[in-house]
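The data block below is query38.cif; it holds mmCIF, C-alpha atoms.
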```cif
data_model
#
loop_
_atom_site.label_atom_id
_atom_site.label_comp_id
_atom_site.auth_asym_id
_atom_site.auth_seq_id
_atom_site.Cartn_x
_atom_site.Cartn_y
_atom_site.Cartn_z
CA MET I 1 144.18 50.71 144.82
CA ILE I 2 143.20 48.77 147.94
CA VAL I 3 145.83 46.24 149.08
CA VAL I 4 144.67 43.17 150.99
CA ALA I 5 147.39 41.52 153.08
CA GLY I 6 147.03 38.05 154.56
CA GLU I 7 146.58 34.37 153.97
CA ALA I 8 145.06 32.41 151.12
CA LEU I 9 144.04 28.84 151.92
CA ILE I 10 141.77 26.00 150.92
CA ASP I 11 138.52 25.45 152.82
CA LEU I 12 137.40 21.83 152.89
CA VAL I 13 133.61 22.15 153.08
CA PRO I 14 131.42 19.18 154.12
CA GLN I 15 128.77 18.06 151.64
CA GLY I 16 126.58 16.40 154.25
CA THR I 17 126.36 15.69 157.97
CA GLY I 18 128.59 13.67 160.24
CA ALA I 19 132.31 13.50 160.86
CA LEU I 20 132.99 11.52 157.67
CA ALA I 21 130.93 13.63 155.25
CA SER I 22 132.56 14.19 151.88
CA LEU I 23 134.69 17.33 151.72
CA THR I 24 134.85 19.67 148.75
CA PRO I 25 137.82 22.04 148.37
CA ALA I 26 136.96 25.73 148.06
CA LEU I 27 139.13 28.81 147.70
CA GLY I 28 139.28 30.71 150.98
CA GLY I 29 141.00 32.57 153.77
CA GLY I 30 139.64 35.81 155.22
CA PRO I 31 142.00 38.18 153.38
CA TYR I 32 141.68 36.14 150.18
CA ASN I 33 137.88 36.38 150.31
CA THR I 34 138.11 40.11 150.98
CA ALA I 35 140.35 40.62 147.94
CA VAL I 36 138.03 38.60 145.68
CA ALA I 37 134.99 40.51 146.96
CA LEU I 38 136.69 43.86 146.32
CA GLY I 39 137.63 42.78 142.82
CA ARG I 40 134.09 41.65 142.07
CA LEU I 41 132.75 44.99 143.30
CA GLY I 42 135.05 46.76 140.86
CA SER I 43 137.60 48.24 143.25
CA PRO I 44 141.21 48.23 141.97
CA THR I 45 142.73 45.64 144.30
CA ALA I 46 146.11 43.99 144.92
CA PHE I 47 146.83 40.91 147.02
CA CYS I 48 149.88 40.82 149.31
CA SER I 49 150.65 37.33 150.55
CA ARG I 50 152.77 34.21 150.08
CA THR I 51 151.20 31.19 148.38
CA SER I 52 152.33 27.69 147.53
CA SER I 53 153.43 26.68 144.07
CA ASP I 54 151.31 23.54 144.43
CA ALA I 55 148.03 22.99 142.56
CA PHE I 56 145.98 24.61 145.33
CA GLY I 57 148.23 27.66 145.24
CA GLU I 58 147.78 27.98 141.48
CA ALA I 59 144.01 27.69 141.87
CA LEU I 60 144.02 30.44 144.50
CA LEU I 61 145.92 32.79 142.21
CA ASP I 62 143.60 31.95 139.32
CA GLY I 63 140.62 32.89 141.50
CA LEU I 64 142.17 36.27 142.26
CA ARG I 65 142.96 36.91 138.61
CA GLU I 66 139.39 36.03 137.61
CA ALA I 67 138.17 38.68 140.06
CA GLY I 68 140.52 41.26 138.53
CA VAL I 69 142.92 41.32 141.49
CA ASP I 70 146.59 42.21 140.90
CA VAL I 71 148.74 39.29 142.08
CA SER I 72 152.11 40.61 140.93
CA GLY I 73 153.21 41.14 144.54
CA VAL I 74 152.35 37.65 145.77
CA GLN I 75 155.37 35.69 147.02
CA ARG I 76 155.63 31.98 146.17
CA GLY I 77 157.05 28.95 147.96
CA LEU I 78 157.38 25.18 147.62
CA GLU I 79 155.66 24.53 150.97
CA PRO I 80 152.07 23.18 150.88
CA THR I 81 148.91 25.29 151.03
CA THR I 82 147.18 25.78 154.38
CA LEU I 83 143.96 23.76 154.79
CA ALA I 84 140.89 24.70 156.85
CA VAL I 85 138.30 21.98 157.49
CA ALA I 86 134.89 23.57 157.92
CA THR I 87 131.99 22.29 160.01
CA ILE I 88 128.56 23.81 159.29
CA ASP I 89 125.92 23.84 162.05
CA ALA I 90 122.14 23.75 161.65
CA HIS I 91 122.01 27.56 161.32
CA GLY I 92 124.65 27.71 158.58
CA SER I 93 127.41 29.00 160.87
CA ALA I 94 130.88 27.68 160.14
CA ALA I 95 133.62 26.51 162.52
CA TYR I 96 137.10 25.49 161.39
CA SER I 97 139.97 23.14 162.13
CA PHE I 98 143.28 24.21 160.60
CA TYR I 99 146.26 22.38 159.13
CA VAL I 100 148.99 25.03 159.19
CA GLU I 101 152.33 23.47 160.10
CA GLY I 102 155.02 24.09 157.48
CA THR I 103 152.68 25.83 155.04
CA ALA I 104 153.67 28.48 152.51
CA ASP I 105 151.78 31.49 153.84
CA ARG I 106 153.52 31.36 157.22
CA LEU I 107 156.82 32.39 155.61
CA PHE I 108 155.55 35.73 154.27
CA GLU I 109 158.10 38.55 154.36
CA ALA I 110 157.11 42.21 154.49
CA PRO I 111 157.65 43.88 151.10
CA ALA I 112 160.02 46.83 150.85
CA GLU I 113 157.14 49.07 149.78
CA LEU I 114 153.46 49.08 148.90
CA PRO I 115 152.21 49.67 145.35
CA ALA I 116 152.47 53.35 144.47
CA ARG I 117 148.68 53.57 144.01
CA ALA I 118 147.83 52.08 147.41
CA ARG I 119 145.18 54.09 149.25
CA ALA I 120 144.33 51.48 151.89
CA VAL I 121 145.64 48.18 153.29
CA SER I 122 143.45 45.53 154.91
CA PHE I 123 144.74 43.00 157.47
CA GLY I 124 143.36 40.16 159.56
CA THR I 125 142.64 36.55 160.47
CA CYS I 126 145.22 33.75 160.71
CA SER I 127 148.00 35.77 159.11
CA LEU I 128 148.32 37.90 162.26
CA VAL I 129 148.59 34.81 164.48
CA LEU I 130 150.97 32.36 162.81
CA GLU I 131 154.66 33.16 163.05
CA PRO I 132 156.99 34.09 161.53
CA GLY I 133 154.60 35.64 159.02
CA ALA I 134 152.51 37.34 161.72
CA SER I 135 155.36 39.64 162.70
CA ALA I 136 155.97 40.49 159.03
CA TYR I 137 152.31 41.48 158.54
CA GLU I 138 152.48 43.50 161.75
CA GLU I 139 155.58 45.26 160.42
CA LEU I 140 153.71 46.08 157.21
CA MET I 141 150.73 47.42 159.16
CA ARG I 142 152.86 49.78 161.23
CA SER I 143 154.83 50.88 158.17
CA ALA I 144 151.68 51.62 156.16
CA ALA I 145 150.15 53.59 159.01
CA GLY I 146 153.37 55.53 159.44
CA GLN I 147 153.16 56.54 155.78
CA GLY I 148 149.61 57.81 156.26
CA VAL I 149 147.96 54.92 154.39
CA PHE I 150 144.44 53.99 155.55
CA THR I 151 144.57 50.68 157.44
CA ALA I 152 141.68 48.30 158.11
CA LEU I 153 141.79 45.41 160.59
CA ASP I 154 139.44 42.45 161.00
CA PRO I 155 140.83 40.16 163.75
CA ASN I 156 138.42 37.36 162.70
CA ILE I 157 139.39 35.32 165.75
CA ARG I 158 140.15 31.62 165.30
CA ALA I 159 140.66 30.70 168.94
CA GLY I 160 141.98 27.22 168.15
CA LEU I 161 145.03 28.79 166.47
CA ILE I 162 145.89 31.06 169.41
CA PRO I 163 147.94 29.21 172.07
CA ASP I 164 148.35 32.31 174.28
CA PRO I 165 145.04 34.21 174.32
CA ASP I 166 146.21 36.90 176.75
CA GLY I 167 149.35 37.46 174.70
CA TYR I 168 147.29 37.85 171.55
CA ARG I 169 144.90 40.28 173.27
CA ALA I 170 147.86 42.42 174.32
CA ARG I 171 149.21 42.30 170.79
CA PHE I 172 145.80 43.31 169.41
CA LYS I 173 145.80 46.38 171.63
CA SER I 174 149.29 47.28 170.40
CA TRP I 175 147.99 47.35 166.80
CA LEU I 176 145.19 49.83 167.45
CA PRO I 177 147.30 53.03 167.15
CA SER I 178 148.11 51.85 163.59
CA VAL I 179 144.49 51.07 162.63
CA SER I 180 142.11 53.46 160.85
CA LEU I 181 139.04 51.19 160.71
CA LEU I 182 138.44 48.25 163.05
CA LYS I 183 135.79 45.75 162.00
CA LEU I 184 134.91 42.73 164.10
CA SER I 185 132.03 40.42 164.91
CA GLU I 186 130.16 40.34 168.19
CA GLU I 187 131.88 37.03 168.94
CA ASP I 188 135.30 38.54 168.26
CA ALA I 189 134.51 41.50 170.50
CA LEU I 190 133.47 39.21 173.36
CA TRP I 191 136.61 37.08 173.01
CA LEU I 192 138.95 40.08 172.84
CA GLY I 193 137.34 41.99 175.70
CA GLY I 194 137.00 45.75 175.85
CA THR I 195 134.45 48.10 174.30
CA PRO I 196 134.23 50.16 171.11
CA ARG I 197 134.92 53.30 173.12
CA GLU I 198 138.09 51.80 174.59
CA TRP I 199 139.29 50.71 171.15
CA LEU I 200 138.50 54.10 169.60
CA ALA I 201 140.47 55.85 172.32
CA ALA I 202 143.50 53.73 171.35
CA GLY I 203 143.58 54.80 167.71
CA PRO I 204 140.91 53.80 165.16
CA ALA I 205 138.68 56.50 163.68
CA ALA I 206 135.75 54.08 163.59
CA VAL I 207 134.73 50.62 164.79
CA VAL I 208 132.15 48.48 162.97
CA ILE I 209 130.63 45.48 164.73
CA THR I 210 128.71 42.84 162.82
CA GLN I 211 125.78 41.16 164.54
CA GLY I 212 124.91 38.35 162.16
CA GLY I 213 121.33 38.59 160.96
CA ASP I 214 120.71 41.53 163.29
CA GLY I 215 122.83 43.86 161.16
CA LEU I 216 125.80 46.16 161.72
CA THR I 217 126.67 49.02 164.06
CA ALA I 218 129.33 51.68 163.56
CA PHE I 219 130.92 53.65 166.40
CA THR I 220 132.89 56.80 165.61
CA ARG I 221 135.56 58.62 167.52
CA GLY I 222 133.26 61.64 167.74
CA GLY I 223 130.75 59.64 169.78
CA ALA I 224 128.15 58.92 167.09
CA VAL I 225 126.60 55.48 166.73
CA TYR I 226 124.90 54.27 163.54
CA SER I 227 123.06 50.97 163.08
CA VAL I 228 121.28 49.15 160.27
CA ALA I 229 119.27 45.95 160.31
CA GLY I 230 120.40 42.83 158.54
CA GLU I 231 118.90 41.81 155.19
CA VAL I 232 116.40 38.94 155.39
CA VAL I 233 117.72 35.96 153.43
CA ASP I 234 117.56 32.17 153.42
CA VAL I 235 120.99 31.32 154.84
CA VAL I 236 122.88 28.48 153.18
CA ASP I 237 126.03 29.16 155.20
CA THR I 238 127.94 32.15 156.57
CA ILE I 239 131.33 31.35 155.02
CA GLY I 240 132.88 34.60 153.78
CA ALA I 241 130.12 36.87 155.09
CA GLY I 242 132.40 38.89 157.35
CA ASP I 243 135.01 39.14 154.62
CA THR I 244 132.33 40.47 152.26
CA VAL I 245 131.49 43.12 154.85
CA ASN I 246 135.17 44.13 154.93
CA ALA I 247 135.23 44.52 151.17
CA ALA I 248 131.92 46.37 151.00
CA LEU I 249 133.03 48.83 153.69
CA LEU I 250 136.31 49.57 151.92
CA HIS I 251 134.64 49.79 148.50
CA GLY I 252 131.99 52.14 149.86
CA LEU I 253 134.50 54.33 151.65
CA ALA I 254 136.58 54.60 148.48
CA ALA I 255 133.45 55.54 146.52
CA GLN I 256 132.81 58.35 149.02
CA ASP I 257 136.48 59.43 148.99
CA ALA I 258 136.56 58.62 152.69
CA LEU I 259 139.71 56.52 153.03
CA SER I 260 141.24 58.69 155.73
CA ALA I 261 140.61 59.27 159.42
CA GLU I 262 139.59 62.86 158.71
CA ALA I 263 137.08 61.81 156.05
CA LEU I 264 135.64 59.13 158.32
CA ALA I 265 135.08 61.76 161.00
CA GLY I 266 133.06 63.85 158.56
CA LEU I 267 131.05 61.04 157.00
CA GLY I 268 127.85 61.79 158.94
CA ALA I 269 124.61 59.87 159.37
CA ASP I 270 123.70 59.65 155.69
CA GLY I 271 127.12 58.42 154.64
CA TRP I 272 127.39 55.82 157.38
CA THR I 273 123.85 54.53 156.95
CA ARG I 274 124.34 54.15 153.21
CA LEU I 275 127.66 52.37 153.78
CA LEU I 276 126.31 49.95 156.38
CA ARG I 277 123.25 49.08 154.30
CA PHE I 278 125.47 48.36 151.32
CA ALA I 279 127.61 46.04 153.46
CA ALA I 280 124.52 44.30 154.87
CA ARG I 281 123.14 43.66 151.37
CA ALA I 282 126.47 42.30 150.16
CA ALA I 283 126.84 39.96 153.14
CA ALA I 284 123.28 38.68 152.72
CA ILE I 285 123.99 37.64 149.14
CA THR I 286 127.10 35.77 150.28
CA CYS I 287 125.07 33.95 152.96
CA SER I 288 122.46 32.92 150.40
CA ARG I 289 124.87 30.61 148.56
CA ALA I 290 127.31 27.91 149.55
CA GLY I 291 130.90 28.78 150.36
CA ALA I 292 132.62 32.14 150.09
CA GLU I 293 130.91 33.50 146.97
CA PRO I 294 130.73 37.29 147.39
CA PRO I 295 128.51 39.31 145.05
CA TYR I 296 129.46 41.11 141.87
CA ALA I 297 128.78 44.81 141.39
CA SER I 298 125.96 43.92 138.99
CA GLU I 299 124.11 42.16 141.81
CA LEU I 300 124.27 45.16 144.12
CA GLY I 301 124.17 48.10 141.77
CA ASP I 302 126.39 51.13 142.13
CA PHE I 303 127.24 52.24 145.63
#
```
Exercise: express the given structure as structure tokens:
Amino acid sequence: MIVVAGEALIDLVPQGTGALASLTPALGGGPYNTAVALGRLGSPTAFCSRTSSDAFGEALLDGLREAGVDVSGVQRGLEPTTLAVATIDAHGSAAYSFYVEGTADRLFEAPAELPARARAVSFGTCSLVLEPGASAYEELMRSAAGQGVFTALDPNIRAGLIPDPDGYRARFKSWLPSVSLLKLSEEDALWLGGTPREWLAAGPAAVVITQGGDGLTAFTRGGAVYSVAGEVVDVVDTIGAGDTVNAALLHGLAAQDALSAEALAGLGADGWTRLLRFAARAAAITCSRAGAEPPYASELGDF
């Protein structure tokens, strides 16, 4: 089982141009999208979070259940659901404004233990920024790594939510000894500073950087670099594309029995190229339709 830890929220997506365009609610949040994508790909998946008992919270849980995701470990609260108002530019890229004060997911508490079947845990996005939940997710990350569980991190930077950028960058560096696989976008990498080699030296066995339509590149601790081109597609928007990459990477690694630092080190050119191409295809399908709608296994074929 792959456990995805982090926020679930509602994206309010504009249905036109201009500041007063109609907004349509959509299920979202980086970790949430990753969990749904994993479920759709057929990976046994559990979601670890705290959601509201309001109507949005119920809809979020229904979306996970429909994807086959185990929600038995999700904590509940009376506080409202976090909202993210999206703005889509002419190229389909999304930017967000967040409404997070007093919301349910911020009060997440680290569970006493992970599911017995957990082989990997994925972390990232707002959940590692907003306190007090951020410290609880950090505690879970360090605990999982200490137990030898494969850990994946996608910072998925939302700069508007980070009041102390230098403090966050220092915190990010402190996580790296507990991270097995670091995935981030070119924009994230630029904002955080540093290089793949510097990050690898701090802990991860591999770093994957997404480059939008230009594809993906993987850097390994052994010094190898593997790249694939992006899939050509008519982009509707990029909502959920990076989260789909997260899921595809974890699904592909599980399929290759490579959810460990040692296995990653031995993956080799064929394994990495196959994995990155799979992730690129999955992300392209997500970009070809509105909102975070990751593909099903039937759309991609077996890994």
Margin query: If I take CA of Asp243 (chain I) and CA of Pro294 (chain I), how far is one from the other in Å, to one decimal?
Written below: 8.6 Å
Next item on the list: Using CA of Thr24 (chain I) and CA of Asp11 (chain I) as the two end points, give the distance in Å to one decimal.
Entry: 8.0 Å
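Atom pair CA of Pro44 (chain I) / CA of Met1 (chain I) has a distance of 4.8 Å (rounded to one decimal).
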Shell around Gly16 (chain I) at 12 Å using only C-alpha atoms, local window under 6 positions removed, as a CSV table (one decimal) with C-alpha atoms, in the frame of the given file:
```csv
chain,number,residue,atom,x,y,z
I,22,SER,CA,132.6,14.2,151.9
I,23,LEU,CA,134.7,17.3,151.7
I,24,THR,CA,134.8,19.7,148.8
I,86,ALA,CA,134.9,23.6,157.9
I,87,THR,CA,132.0,22.3,160.0
I,88,ILE,CA,128.6,23.8,159.3
I,89,ASP,CA,125.9,23.8,162.0
I,90,ALA,CA,122.1,23.8,161.6
```
Output of the PyMOL selection byres ((chain I and resi 47-49) around 8), listed as a tab-separated table (two decimals) with C-alpha atoms, in the frame of the given file:
```tsv
chain	number	residue	atom	x	y	z
I	3	VAL	CA	145.83	46.24	149.08
I	4	VAL	CA	144.67	43.17	150.99
I	5	ALA	CA	147.39	41.52	153.08
I	6	GLY	CA	147.03	38.05	154.56
I	7	GLU	CA	146.58	34.37	153.97
I	8	ALA	CA	145.06	32.41	151.12
I	32	TYR	CA	141.68	36.14	150.18
I	35	ALA	CA	140.35	40.62	147.94
I	45	THR	CA	142.73	45.64	144.30
I	46	ALA	CA	146.11	43.99	144.92
I	50	ARG	CA	152.77	34.21	150.08
I	51	THR	CA	151.20	31.19	148.38
I	69	VAL	CA	142.92	41.32	141.49
I	70	ASP	CA	146.59	42.21	140.90
I	71	VAL	CA	148.74	39.29	142.08
I	73	GLY	CA	153.21	41.14	144.54
I	74	VAL	CA	152.35	37.65	145.77
I	75	GLN	CA	155.37	35.69	147.02
I	105	ASP	CA	151.78	31.49	153.84
I	108	PHE	CA	155.55	35.73	154.27
```
Margin query: Report as an MDAnalysis selection string all protein, DNA and RNA residues lying within 10 Å of Glu131 (chain I), evaluated on all atoms listed in the file, omitting residues in the same chain fewer than 4 positions from it.
Written below: chainID I and resid 105:108 126:127 135:137
Next item on the list: Go through I:Leu64, I:Ala26, I:Leu128, I:Ala279 one by one, measure the shortest atom-to-atom distance of each to Leu83 (chain I) using all atoms listed in the file, and give the residue with the smallest value.
Entry: I:Ala26
Notebook entry, point to check: Expanded to explicit residues, what is the PyMOL selection byres ((chain I and resi 112) around 12) for this file, as a PyMOL selection string?
Noted result: chain I and resi 48+73+109-111+113-116+136+139-140+143-144
Notebook entry, point to check: Written as an NGL selection string, which residues does the PyMOL selection byres ((chain I and resi 214-228) around 10) give for the file shown?
Noted result: :I and (181-183 or 185-186 or 196-197 or 199-201 or 203-213 or 229-232 or 245 or 261 or 264-270 or 272-281 or 283-284)
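You can rank I:Thr81, I:Ser43, I:Gln256, I:Ser298 by their closest distance to Ile2 (chain I) using only C-alpha atoms, and at the top of that list sits I:Ser43.
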Next item on the list: Kindly provide, as a PyMOL selection string, the polymer residues lying within 9 Å of (139.7, 39.1, 162.2), counting only C-alpha atoms and using the coordinates exactly as they appear in the file.
Entry: chain I and resi 30+123-126+128+153-158+183-185+188+242-243
What does the file look like for those residues with C-alpha atoms, as an mmCIF file, in the coordinates of the input?
```
data_model
loop_
_atom_site.group_PDB
_atom_site.id
_atom_site.type_symbol
_atom_site.label_atom_id
_atom_site.label_comp_id
_atom_site.auth_asym_id
_atom_site.auth_seq_id
_atom_site.Cartn_x
_atom_site.Cartn_y
_atom_site.Cartn_z
ATOM 1 C CA GLY I 30 139.640 35.810 155.220
ATOM 2 C CA PHE I 123 144.740 43.000 157.470
ATOM 3 C CA GLY I 124 143.360 40.160 159.560
ATOM 4 C CA THR I 125 142.640 36.550 160.470
ATOM 5 C CA CYS I 126 145.220 33.750 160.710
ATOM 6 C CA LEU I 128 148.320 37.900 162.260
ATOM 7 C CA LEU I 153 141.790 45.410 160.590
ATOM 8 C CA ASP I 154 139.440 42.450 161.000
ATOM 9 C CA PRO I 155 140.830 40.160 163.750
ATOM 10 C CA ASN I 156 138.420 37.360 162.700
ATOM 11 C CA ILE I 157 139.390 35.320 165.750
ATOM 12 C CA ARG I 158 140.150 31.620 165.300
ATOM 13 C CA LYS I 183 135.790 45.750 162.000
ATOM 14 C CA LEU I 184 134.910 42.730 164.100
ATOM 15 C CA SER I 185 132.030 40.420 164.910
ATOM 16 C CA ASP I 188 135.300 38.540 168.260
ATOM 17 C CA GLY I 242 132.400 38.890 157.350
ATOM 18 C CA ASP I 243 135.010 39.140 154.620
#
```
Taking the structure in the block just given, could you write region 105-142 of chain I with C-alpha atoms, as a compact mmCIF listing (two decimals), in the first residue's frame?
```txt
# COMPACT_ATOMS: atom_id res chain seq x y z
CA ASP I 105 -6.89 20.15 7.44
CA ARG I 106 -4.64 22.46 9.46
CA LEU I 107 -5.46 20.55 12.65
CA PHE I 108 -4.10 17.20 11.43
CA GLU I 109 -2.39 15.10 14.11
CA ALA I 110 0.24 12.49 13.31
CA PRO I 111 -1.19 8.97 13.63
CA ALA I 112 0.36 6.55 16.11
CA GLU I 113 1.33 4.24 13.25
CA LEU I 114 1.05 3.73 9.52
CA PRO I 115 -1.06 0.95 7.99
CA ALA I 116 0.72 -2.38 8.34
CA ARG I 117 0.89 -2.77 4.55
CA ALA I 118 2.48 0.63 3.92
CA ARG I 119 5.44 0.43 1.53
CA ALA I 120 5.72 4.15 0.80
CA VAL I 121 4.43 7.51 2.06
CA SER I 122 4.07 10.61 -0.09
CA PHE I 123 4.15 14.17 1.29
CA GLY I 124 3.93 17.72 -0.04
CA THR I 125 2.26 21.03 -0.85
CA CYS I 126 0.32 23.21 1.61
CA SER I 127 0.23 20.57 4.33
CA LEU I 128 3.94 21.09 5.02
CA VAL I 129 3.49 24.87 5.34
CA LEU I 130 0.39 25.51 7.45
CA GLU I 131 0.76 25.00 11.18
CA PRO I 132 0.04 23.24 13.41
CA GLY I 133 -0.55 20.46 10.89
CA ALA I 134 2.77 21.04 9.12
CA SER I 135 4.76 19.93 12.15
CA ALA I 136 2.56 16.83 12.48
CA TYR I 137 3.20 15.85 8.84
CA GLU I 138 6.90 16.49 9.38
CA GLU I 139 6.81 14.22 12.43
CA LEU I 140 5.16 11.51 10.33
CA MET I 141 7.78 11.88 7.60
CA ARG I 142 10.67 11.47 10.01
```
